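*Asks:* Quick one: the structure is below, and I'll ask about it shortly.
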2 protein chains.
Amino acid sequence: MDVADANRTAVERMMSARPMLQTVATAGEAIPGMHDRLLLHAGPPIEWERMSGPLRGAVIGAVLFEGWTDDEEEAARLAESGEVEFAPCHHHGAVGPMAGVISPSMAVYVVENVTHGNRSFSNLNEGYGKVLRYGAYSSEVLDRLRWMNDVMAPLLLEALSESEGLDIRALLAEALHMGDEGHNRNKAGSVLFLKLLAPFLARVAPDPTVAAAVLGFIGENALSVLNPVMAACKAMADAAHGVEGSTIVTAMARNGTDFGIRVSGIGDRWFTAPAGTPEGLYFSGFSSADANPDIGDSTITETAGIGGFAMAAAPAIVSFVSGVPSDATNATLEMYEITVAEHEHFTIPSLDFRGTPTGIDIRSVVELGITPRINTGIAHREAGIGQVGAGLVRPPSEIFEEALLAFAEKRGI
Amino acid sequence: MDVADANRTAVERMMSARPMLQTVATAGEAIPGMHDRLLLHAGPPIEWERMSGPLRGAVIGAVLFEGWTDDEEEAARLAESGEVEFAPCHHHGAVGPMAGVISPSMAVYVVENVTHGNRSFSNLNEGYGKVLRYGAYSSEVLDRLRWMNDVMAPLLLEALSESEGLDIRALLAEALHMGDEGHNRNKAGSVLFLKLLAPFLARVAPDPTVAAAVLGFIGENALSVLNPVMAACKAMADAAHGVEGSTIVTAMARNGTDFGIRVSGIGDRWFTAPAGTPEGLYFSGFSSADANPDIGDSTITETAGIGGFAMAAAPAIVSFVSGVPSDATNATLEMYEITVAEHEHFTIPSLDFRGTPTGIDIRSVVELGITPRINTGIAHREAGIGQVGAGLVRPPSEIFEEALLAFAEKRGI
């Protein structure tokens, strides 16, 4: 199959994937290959020594959350000694925002692409401020995680089992008409998520106080739907993976140290280079000196044709990430240069309902010297602090060049 | 005070008004001057003889709902005979979408402008399809109204009494950043409304089934928030009314036969002319031959600087009302020509966060020959059928000319 045909096949699989949020389960139960002493993390593979502050913080928090010790120094020692193992979320069909740490007893969303049958997973969103995904692990952070696991997750499970599953692709399509881009702005998607769940949650809650608490927690967090959306994007991207001869990117992910990509026709090999630092707007009291390099699996959204690629749908986001509304439009227009399709389901009203730029072709990235645009949160570079801002970043260009070389070699060109 | 100063005063009062949704009550209890045999209706004053089909249908439905008779012919006779009295919603601080019929025992939202102390009212939104506000009055319509009155309204009342009131101006400001224009597209506003109410509703519901039913009813109706929004706009517009020397429009309303306006500096006199028929898109099986002339108090939204005036914020609306996204932008841009201010609280991201065009100056309308743009639903011209489409319309230009003449006379010019 020639490359253009292979890419068409890959992107058509990506767009025809229909990710349904089916249930909630613990990571240990649901995620293939998850085991007792394994922590999943965002981005390409990395060992403790090279982990950045926020990822280390999240690892310590997860060890404490699992009860493997109640001492944070001992937690760090366990992580360093190899007694705790690490693997990328992506190696287990999962994705996690920012540090992306998923531990065995954590609740995860289970998404199934009902078109092709593959499944994907993501953890539950904690909200803003001091949260594990930004490397915070105080008792407040752990208490919230326990409430999410013990109170919210069982309710979500029951609510979802009463539903017929939530069509996240349809939700995203609607949210893109409501000012979201699906990565850094999920305001509309999160209230749509609440709307779909609310009647079920009210019906299955053990008492009205619990119902009110869960409805409040989901409703007040404008990122509630980010994790199901990421799992949905993972399911869509995975559907496009492994097409012989395709140069389409099927994963972009950062562990806070390295930025990595995978390509459909090259298999499971990562191409990595040091992650850049986002440029954007900082919360009061913080500056770029506090910023950790780019981190998180949330770039799966751009991989699937939303996020930074759909910024034209979300002009209001510039007040969060910097710039003016025309920058948002231009970001999307530029991404058409390096993608092979316009999405069949995700459209942008202000561009006359044009489909979002979908399916990054590494050949175009290299040829045109245009790297993907990414919207992202910015983590403090030290463990324990949390989010300090939000902004824009691009992957290092050399990983696309290396991938293209590897592709050429594989094809014997 | 010269006219420019008076207009500045009026529009500043309009923009500084802060409408809070405080409670729900029956119309008879809450609305000043409401009495046992009075039906309020949309638009300027009108008697039975001149009422259009959908308004007559809604009147018949309200008479049946009140139990004044259980026979629809007798209901029509009561309306015709003068045994039932009629008054515009606007004469009682109220507004209602489409037919806008409010009867004494119907539940209404109570909004208070906490800046200036004036109150306003609107009925509860029934959803789509066969509904009273479009002139349908079958048993299905009346049963739904009874459920809304007997089950949903008491719950809303209790939920609101647990809250500190809902800031509808803040909700609208957010919804305008989420693809709504606040009149014909209230998708985002309605889910934000649900989000704010959900925890309270869950807590006060007598049982989980009722909680689920009310959460489902509000969540599935993308116009749920239209009526509180209209009451909020009425509270804002009323704050601008009665400023001596002001040529700002403080009410635009249609009863299905006539289009009427009121002007801040002229007092309570209506200037009316036959209502036009909207141009737009029709539901399957219907055409412009089925359309009733323009109807409803919902033009209070345009009066307050949103709706058709904020269409640039809602490019996706063109798939509902006809046109392309640039038409939506141009509609807003044109409205800056006939308004005196850019709204301090309502901004449009895609226009670099410019405030919406606010405060229609009848002098500019007459001078430039540009009439206001209105987004609207289209009712079937016969009673009992319902909505047949949605589109765009403008008021008749002569009412602005007459108002300007009356203003000049009053000022002795």
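Identifiers in the structure tokens: chain A, B, ... in order shown; residue index from 1 per chain; ligand index from 1 in order shown.
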Kindly assemble as JSON lines a list of the chain B residues that lie within 6 Å of chain A, each paired with its nearest atom pair and their distance in Å to one decimal, using only C-alpha atoms, sorted first by chain and then by ascending residue number.
*Replies:*
{"residue": "B:Met178", "atom": "CA", "partner": "A:Met178", "partner_atom": "CA", "distance": 4.4}
{"residue": "B:Gly179", "atom": "CA", "partner": "A:Met178", "partner_atom": "CA", "distance": 4.5}
{"residue": "B:Val191", "atom": "CA", "partner": "A:Val191", "partner_atom": "CA", "distance": 5.9}
{"residue": "B:Lys195", "atom": "CA", "partner": "A:Gly219", "partner_atom": "CA", "distance": 5.4}
{"residue": "B:Pro199", "atom": "CA", "partner": "A:Ala212", "partner_atom": "CA", "distance": 4.0}
{"residue": "B:Ala202", "atom": "CA", "partner": "A:Ala212", "partner_atom": "CA", "distance": 5.5}
{"residue": "B:Arg203", "atom": "CA", "partner": "A:Pro208", "partner_atom": "CA", "distance": 4.8}
{"residue": "B:Pro208", "atom": "CA", "partner": "A:Arg203", "partner_atom": "CA", "distance": 4.8}
{"residue": "B:Thr209", "atom": "CA", "partner": "A:Arg203", "partner_atom": "CA", "distance": 5.9}
{"residue": "B:Ala212", "atom": "CA", "partner": "A:Pro199", "partner_atom": "CA", "distance": 4.0}
{"residue": "B:Leu215", "atom": "CA", "partner": "A:Pro199", "partner_atom": "CA", "distance": 5.5}
{"residue": "B:Gly216", "atom": "CA", "partner": "A:Pro199", "partner_atom": "CA", "distance": 5.5}
{"residue": "B:Gly219", "atom": "CA", "partner": "A:Lys195", "partner_atom": "CA", "distance": 5.4}
{"residue": "B:Pro315", "atom": "CA", "partner": "A:Pro349", "partner_atom": "CA", "distance": 5.6}
{"residue": "B:Ala316", "atom": "CA", "partner": "A:Pro349", "partner_atom": "CA", "distance": 5.1}
{"residue": "B:Pro325", "atom": "CA", "partner": "A:Ser350", "partner_atom": "CA", "distance": 5.8}
{"residue": "B:Pro349", "atom": "CA", "partner": "A:Ala316", "partner_atom": "CA", "distance": 5.1}
{"residue": "B:Ser350", "atom": "CA", "partner": "A:Pro315", "partner_atom": "CA", "distance": 5.7}
*Asks:* Output C-alpha atoms for every residue in the selection just made, as a PDB file, in the first residue's frame.
*Replies:*
ATOM      1  CA  MET B 178     -19.745  29.192  25.061  1.00  0.00           C
ATOM      2  CA  GLY B 179     -21.506  29.734  21.757  1.00  0.00           C
ATOM      3  CA  VAL B 191     -26.503  23.349  31.171  1.00  0.00           C
ATOM      4  CA  LYS B 195     -25.002  22.785  36.977  1.00  0.00           C
ATOM      5  CA  PRO B 199     -26.647  19.867  43.965  1.00  0.00           C
ATOM      6  CA  ALA B 202     -30.650  16.550  44.623  1.00  0.00           C
ATOM      7  CA  ARG B 203     -30.567  17.607  48.262  1.00  0.00           C
ATOM      8  CA  PRO B 208     -34.404  10.069  44.025  1.00  0.00           C
ATOM      9  CA  THR B 209     -36.927   9.430  41.241  1.00  0.00           C
ATOM     10  CA  ALA B 212     -33.800  12.349  38.490  1.00  0.00           C
ATOM     11  CA  LEU B 215     -32.644  16.967  36.536  1.00  0.00           C
ATOM     12  CA  GLY B 216     -33.490  15.156  33.307  1.00  0.00           C
ATOM     13  CA  GLY B 219     -30.930  19.056  31.322  1.00  0.00           C
ATOM     14  CA  PRO B 315     -21.769  31.033  14.918  1.00  0.00           C
ATOM     15  CA  ALA B 316     -23.313  27.557  15.253  1.00  0.00           C
ATOM     16  CA  PRO B 325     -21.317  32.098  10.208  1.00  0.00           C
ATOM     17  CA  PRO B 349     -14.491  36.465  22.252  1.00  0.00           C
ATOM     18  CA  SER B 350     -14.302  36.324  18.441  1.00  0.00           C
TER      19      SER B 350
END
*Asks:* For stretch 363-367 of chain A, find every residue with an atom within 9 Å (counting only C-alpha atoms), except residues of its own chain fewer than 6 positions away, and show them as a PDB file with N, CA and C atoms, in the first residue's frame.
*Replies:*
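File produced: result20.pdb:
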ATOM      1  N   THR A 247       2.347   7.076   7.876  1.00  0.00           N
ATOM      2  CA  THR A 247       3.220   8.043   8.564  1.00  0.00           C
ATOM      3  C   THR A 247       2.426   8.947   9.516  1.00  0.00           C
ATOM      4  N   ILE A 248       1.249   8.478   9.923  1.00  0.00           N
ATOM      5  CA  ILE A 248       0.402   9.274  10.827  1.00  0.00           C
ATOM      6  C   ILE A 248       0.842   9.063  12.282  1.00  0.00           C
ATOM      7  N   GLU A 337      -1.966  22.303   7.466  1.00  0.00           N
ATOM      8  CA  GLU A 337      -0.779  22.085   6.636  1.00  0.00           C
ATOM      9  C   GLU A 337      -0.114  20.738   6.911  1.00  0.00           C
ATOM     10  N   ILE A 338      -0.255  20.240   8.140  1.00  0.00           N
ATOM     11  CA  ILE A 338       0.502  19.027   8.496  1.00  0.00           C
ATOM     12  C   ILE A 338      -0.409  17.826   8.765  1.00  0.00           C
ATOM     13  N   THR A 339      -1.699  17.957   8.422  1.00  0.00           N
ATOM     14  CA  THR A 339      -2.634  16.852   8.655  1.00  0.00           C
ATOM     15  C   THR A 339      -3.209  16.377   7.322  1.00  0.00           C
ATOM     16  N   SER A 397      11.322  19.361  17.096  1.00  0.00           N
ATOM     17  CA  SER A 397      11.156  18.941  15.697  1.00  0.00           C
ATOM     18  C   SER A 397      11.961  17.678  15.367  1.00  0.00           C
ATOM     19  N   GLU A 398      13.082  17.444  16.107  1.00  0.00           N
ATOM     20  CA  GLU A 398      13.954  16.326  15.735  1.00  0.00           C
ATOM     21  C   GLU A 398      13.292  14.954  15.868  1.00  0.00           C
ATOM     22  N   PHE A 400      10.358  14.138  14.911  1.00  0.00           N
ATOM     23  CA  PHE A 400       9.650  13.844  13.653  1.00  0.00           C
ATOM     24  C   PHE A 400      10.659  13.439  12.573  1.00  0.00           C
ATOM     25  N   GLU A 401      11.831  14.101  12.604  1.00  0.00           N
ATOM     26  CA  GLU A 401      12.890  13.753  11.643  1.00  0.00           C
ATOM     27  C   GLU A 401      13.380  12.324  11.886  1.00  0.00           C
ATOM     28  N   LEU A 404      10.859   9.851  10.768  1.00  0.00           N
ATOM     29  CA  LEU A 404      10.795   9.727   9.308  1.00  0.00           C
ATOM     30  C   LEU A 404      11.968   8.900   8.779  1.00  0.00           C
TER      31      LEU A 404
END
*Asks:* Would you list the contacts of B:Tyr137 as a ChimeraX atom specification, taking every protein, DNA or RNA residue within 9 Å and counting only C-alpha atoms, but skipping same-chain residues closer than 2 positions in sequence?
*Replies:* /B:57-62,64-65,130-132,135,139-142,383-385
*Asks:* I need the residues in stretch 19-136 of chain B that are helix (DSSP H, G or I) according to DSSP; give them as an MDAnalysis selection string.
*Replies:* chainID B and resid 27:30 48:50 53:66 72:81 89:92 132:134
*Asks:* Only N, CA and C atoms, please: the residues just picked out, written as a compact mmCIF listing (two decimals), in the first residue's frame.
*Replies:*
# COMPACT_ATOMS: atom_id res chain seq x y z
N ALA B 27 -47.97 32.80 39.87
CA ALA B 27 -48.16 34.14 39.31
C ALA B 27 -49.09 34.97 40.20
N GLY B 28 -50.16 34.33 40.70
CA GLY B 28 -51.13 35.03 41.53
C GLY B 28 -50.51 35.61 42.80
N GLU B 29 -49.60 34.86 43.39
CA GLU B 29 -48.91 35.34 44.60
C GLU B 29 -47.91 36.44 44.29
N ALA B 30 -47.14 36.22 43.20
CA ALA B 30 -45.92 37.02 43.03
C ALA B 30 -46.10 38.26 42.16
N TRP B 48 -59.18 39.40 22.13
CA TRP B 48 -59.41 38.09 21.52
C TRP B 48 -59.62 38.17 20.00
N GLU B 49 -60.42 39.13 19.58
CA GLU B 49 -60.80 39.23 18.16
C GLU B 49 -59.59 39.30 17.23
N ARG B 50 -58.56 40.01 17.68
CA ARG B 50 -57.40 40.22 16.82
C ARG B 50 -56.26 39.24 17.10
N GLY B 53 -53.69 32.64 15.77
CA GLY B 53 -53.95 31.25 16.16
C GLY B 53 -53.16 30.78 17.37
N PRO B 54 -51.82 30.91 17.36
CA PRO B 54 -51.07 30.36 18.50
C PRO B 54 -51.40 31.06 19.82
N LEU B 55 -51.68 32.38 19.79
CA LEU B 55 -52.03 33.05 21.04
C LEU B 55 -53.41 32.56 21.51
N ARG B 56 -54.34 32.43 20.56
CA ARG B 56 -55.66 31.89 20.95
C ARG B 56 -55.52 30.48 21.53
N GLY B 57 -54.68 29.68 20.91
CA GLY B 57 -54.48 28.32 21.41
C GLY B 57 -53.94 28.31 22.83
N ALA B 58 -52.99 29.19 23.08
CA ALA B 58 -52.38 29.25 24.41
C ALA B 58 -53.39 29.76 25.43
N VAL B 59 -54.25 30.69 25.01
CA VAL B 59 -55.30 31.20 25.92
C VAL B 59 -56.26 30.06 26.27
N ILE B 60 -56.69 29.32 25.26
CA ILE B 60 -57.59 28.18 25.51
C ILE B 60 -56.93 27.20 26.49
N GLY B 61 -55.64 26.90 26.22
CA GLY B 61 -54.91 25.98 27.08
C GLY B 61 -54.84 26.49 28.52
N ALA B 62 -54.61 27.79 28.69
CA ALA B 62 -54.50 28.35 30.04
C ALA B 62 -55.83 28.30 30.77
N VAL B 63 -56.93 28.55 30.04
CA VAL B 63 -58.26 28.47 30.65
C VAL B 63 -58.54 27.03 31.12
N LEU B 64 -58.16 26.06 30.27
CA LEU B 64 -58.33 24.66 30.65
C LEU B 64 -57.43 24.31 31.83
N PHE B 65 -56.20 24.79 31.78
CA PHE B 65 -55.24 24.53 32.86
C PHE B 65 -55.75 25.07 34.20
N GLU B 66 -56.40 26.25 34.15
CA GLU B 66 -56.92 26.85 35.38
C GLU B 66 -58.19 26.14 35.86
N GLU B 72 -63.04 23.02 25.41
CA GLU B 72 -62.25 24.03 24.72
C GLU B 72 -63.10 25.09 24.02
N GLU B 73 -64.31 24.69 23.57
CA GLU B 73 -65.17 25.71 22.95
C GLU B 73 -65.68 26.71 23.97
N GLU B 74 -65.99 26.19 25.14
CA GLU B 74 -66.41 27.06 26.23
C GLU B 74 -65.24 27.97 26.63
N ALA B 75 -64.03 27.42 26.59
CA ALA B 75 -62.85 28.24 26.92
C ALA B 75 -62.74 29.40 25.94
N ALA B 76 -62.95 29.14 24.67
CA ALA B 76 -62.89 30.20 23.67
C ALA B 76 -64.00 31.22 23.91
N ARG B 77 -65.18 30.73 24.31
CA ARG B 77 -66.30 31.64 24.57
C ARG B 77 -65.99 32.56 25.76
N LEU B 78 -65.41 31.98 26.81
CA LEU B 78 -65.03 32.77 27.98
C LEU B 78 -64.05 33.88 27.60
N ALA B 79 -63.11 33.50 26.73
CA ALA B 79 -62.09 34.46 26.30
C ALA B 79 -62.72 35.57 25.46
N GLU B 80 -63.66 35.17 24.62
CA GLU B 80 -64.30 36.12 23.71
C GLU B 80 -65.25 37.06 24.44
N SER B 81 -65.91 36.50 25.46
CA SER B 81 -67.00 37.23 26.14
C SER B 81 -66.51 38.32 27.08
N CYS B 89 -47.99 40.83 29.50
CA CYS B 89 -47.02 40.50 30.56
C CYS B 89 -46.27 41.77 30.98
N HIS B 90 -45.86 42.54 29.97
CA HIS B 90 -45.06 43.73 30.23
C HIS B 90 -45.74 44.73 31.17
N HIS B 91 -47.09 44.73 31.22
CA HIS B 91 -47.77 45.65 32.13
C HIS B 91 -47.67 45.21 33.59
N HIS B 92 -47.14 44.00 33.78
CA HIS B 92 -47.04 43.45 35.14
C HIS B 92 -45.61 43.02 35.48
N LEU B 132 -47.54 24.79 25.19
CA LEU B 132 -48.51 25.89 25.29
C LEU B 132 -48.01 27.17 24.63
N ARG B 133 -46.73 27.47 24.80
CA ARG B 133 -46.26 28.77 24.31
C ARG B 133 -46.33 28.87 22.79
N TYR B 134 -46.41 27.71 22.10
CA TYR B 134 -46.60 27.72 20.64
C TYR B 134 -48.07 27.48 20.28
*Asks:* Per DSSP on the backbone, filter stretch 11-238 of chain A down to the residues in strand (DSSP E or B) and report them as a PyMOL selection string.
*Replies:* chain A and resi 19-26+38-41+85-88+94-95+102+107-113+119-123+166-167
*Asks:* I need the chosen residues saved as an mmCIF file, in the first residue's frame, with N, CA and C atoms.
*Replies:*
data_model
loop_
_atom_site.group_PDB
_atom_site.id
_atom_site.type_symbol
_atom_site.label_atom_id
_atom_site.label_comp_id
_atom_site.auth_asym_id
_atom_site.auth_seq_id
_atom_site.Cartn_x
_atom_site.Cartn_y
_atom_site.Cartn_z
ATOM 1 N N PRO A 19 -15.841 6.147 20.513
ATOM 2 C CA PRO A 19 -15.504 5.827 21.905
ATOM 3 C C PRO A 19 -16.676 6.073 22.846
ATOM 4 N N MET A 20 -17.107 5.017 23.496
ATOM 5 C CA MET A 20 -18.201 5.094 24.471
ATOM 6 C C MET A 20 -17.621 4.908 25.874
ATOM 7 N N LEU A 21 -17.974 5.831 26.767
ATOM 8 C CA LEU A 21 -17.590 5.650 28.170
ATOM 9 C C LEU A 21 -18.531 4.608 28.766
ATOM 10 N N GLN A 22 -17.968 3.452 29.106
ATOM 11 C CA GLN A 22 -18.810 2.320 29.509
ATOM 12 C C GLN A 22 -18.946 2.171 31.017
ATOM 13 N N THR A 23 -17.822 2.327 31.725
ATOM 14 C CA THR A 23 -17.896 2.063 33.158
ATOM 15 C C THR A 23 -16.702 2.676 33.876
ATOM 16 N N VAL A 24 -16.677 2.453 35.170
ATOM 17 C CA VAL A 24 -15.559 2.841 36.019
ATOM 18 C C VAL A 24 -15.128 1.575 36.755
ATOM 19 N N ALA A 25 -13.820 1.395 36.893
ATOM 20 C CA ALA A 25 -13.311 0.214 37.606
ATOM 21 C C ALA A 25 -11.991 0.613 38.255
ATOM 22 N N THR A 26 -11.424 -0.244 39.103
ATOM 23 C CA THR A 26 -10.084 0.079 39.590
ATOM 24 C C THR A 26 -9.087 -0.302 38.498
ATOM 25 N N LEU A 38 2.994 -1.731 40.339
ATOM 26 C CA LEU A 38 3.235 -0.961 39.126
ATOM 27 C C LEU A 38 2.545 0.403 39.208
ATOM 28 N N LEU A 39 3.301 1.442 38.881
ATOM 29 C CA LEU A 39 2.696 2.766 38.701
ATOM 30 C C LEU A 39 2.821 3.159 37.237
ATOM 31 N N LEU A 40 1.686 3.565 36.663
ATOM 32 C CA LEU A 40 1.731 4.100 35.302
ATOM 33 C C LEU A 40 1.984 5.611 35.386
ATOM 34 N N HIS A 41 2.625 6.142 34.348
ATOM 35 C CA HIS A 41 2.900 7.591 34.313
ATOM 36 C C HIS A 41 2.718 8.102 32.893
ATOM 37 N N GLU A 85 7.663 -0.427 40.393
ATOM 38 C CA GLU A 85 7.979 -0.409 38.955
ATOM 39 C C GLU A 85 7.214 0.699 38.248
ATOM 40 N N PHE A 86 7.769 1.120 37.125
ATOM 41 C CA PHE A 86 7.121 2.175 36.340
ATOM 42 C C PHE A 86 6.890 1.726 34.910
ATOM 43 N N ALA A 87 5.797 2.212 34.342
ATOM 44 C CA ALA A 87 5.561 2.017 32.901
ATOM 45 C C ALA A 87 4.708 3.171 32.399
ATOM 46 N N PRO A 88 4.881 3.516 31.140
ATOM 47 C CA PRO A 88 4.015 4.554 30.575
ATOM 48 C C PRO A 88 2.557 4.093 30.543
ATOM 49 N N ALA A 94 -3.689 3.224 28.407
ATOM 50 C CA ALA A 94 -4.210 4.298 29.262
ATOM 51 C C ALA A 94 -3.569 5.639 28.919
ATOM 52 N N VAL A 95 -4.172 6.689 29.415
ATOM 53 C CA VAL A 95 -3.614 8.038 29.336
ATOM 54 C C VAL A 95 -3.975 8.785 30.614
ATOM 55 N N ILE A 102 -1.117 6.607 37.577
ATOM 56 C CA ILE A 102 -2.245 5.713 37.880
ATOM 57 C C ILE A 102 -1.697 4.541 38.679
ATOM 58 N N ALA A 107 -9.401 4.389 40.838
ATOM 59 C CA ALA A 107 -10.520 4.237 39.902
ATOM 60 C C ALA A 107 -10.151 4.829 38.550
ATOM 61 N N VAL A 108 -10.557 4.141 37.495
ATOM 62 C CA VAL A 108 -10.328 4.651 36.139
ATOM 63 C C VAL A 108 -11.612 4.552 35.305
ATOM 64 N N TYR A 109 -11.745 5.473 34.374
ATOM 65 C CA TYR A 109 -12.799 5.387 33.361
ATOM 66 C C TYR A 109 -12.414 4.324 32.342
ATOM 67 N N VAL A 110 -13.387 3.550 31.904
ATOM 68 C CA VAL A 110 -13.165 2.540 30.871
ATOM 69 C C VAL A 110 -13.946 2.945 29.625
ATOM 70 N N VAL A 111 -13.204 3.195 28.547
ATOM 71 C CA VAL A 111 -13.815 3.613 27.285
ATOM 72 C C VAL A 111 -13.637 2.499 26.262
ATOM 73 N N GLU A 112 -14.685 2.237 25.496
ATOM 74 C CA GLU A 112 -14.552 1.261 24.428
ATOM 75 C C GLU A 112 -14.889 1.894 23.089
ATOM 76 N N ASN A 113 -13.997 1.702 22.138
ATOM 77 C CA ASN A 113 -14.274 2.098 20.763
ATOM 78 C C ASN A 113 -15.151 1.004 20.172
ATOM 79 N N ARG A 119 -10.122 -0.918 23.759
ATOM 80 C CA ARG A 119 -10.489 -0.206 24.989
ATOM 81 C C ARG A 119 -9.378 0.730 25.419
ATOM 82 N N SER A 120 -9.747 1.727 26.206
ATOM 83 C CA SER A 120 -8.757 2.665 26.751
ATOM 84 C C SER A 120 -9.209 3.112 28.134
ATOM 85 N N PHE A 121 -8.282 3.758 28.847
ATOM 86 C CA PHE A 121 -8.495 4.045 30.265
ATOM 87 C C PHE A 121 -7.922 5.410 30.630
ATOM 88 N N SER A 122 -8.565 6.068 31.596
ATOM 89 C CA SER A 122 -7.951 7.251 32.204
ATOM 90 C C SER A 122 -8.442 7.364 33.632
ATOM 91 N N ASN A 123 -7.653 8.051 34.457
ATOM 92 C CA ASN A 123 -8.067 8.249 35.855
ATOM 93 C C ASN A 123 -9.151 9.318 35.958
ATOM 94 N N LEU A 166 -21.823 6.560 27.596
ATOM 95 C CA LEU A 166 -21.869 7.938 27.095
ATOM 96 C C LEU A 166 -21.008 8.042 25.843
ATOM 97 N N ASP A 167 -21.595 8.578 24.796
ATOM 98 C CA ASP A 167 -20.912 8.726 23.516
ATOM 99 C C ASP A 167 -20.016 9.971 23.586
#
*Asks:* Could you tell me how far atom CA of A:Arg381 lies from atom CA of A:Arg37, in Å and to one decimal?
*Replies:*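 For atom CA of A:Arg381 relative to atom CA of A:Arg37, the distance reads 25.9 Å.
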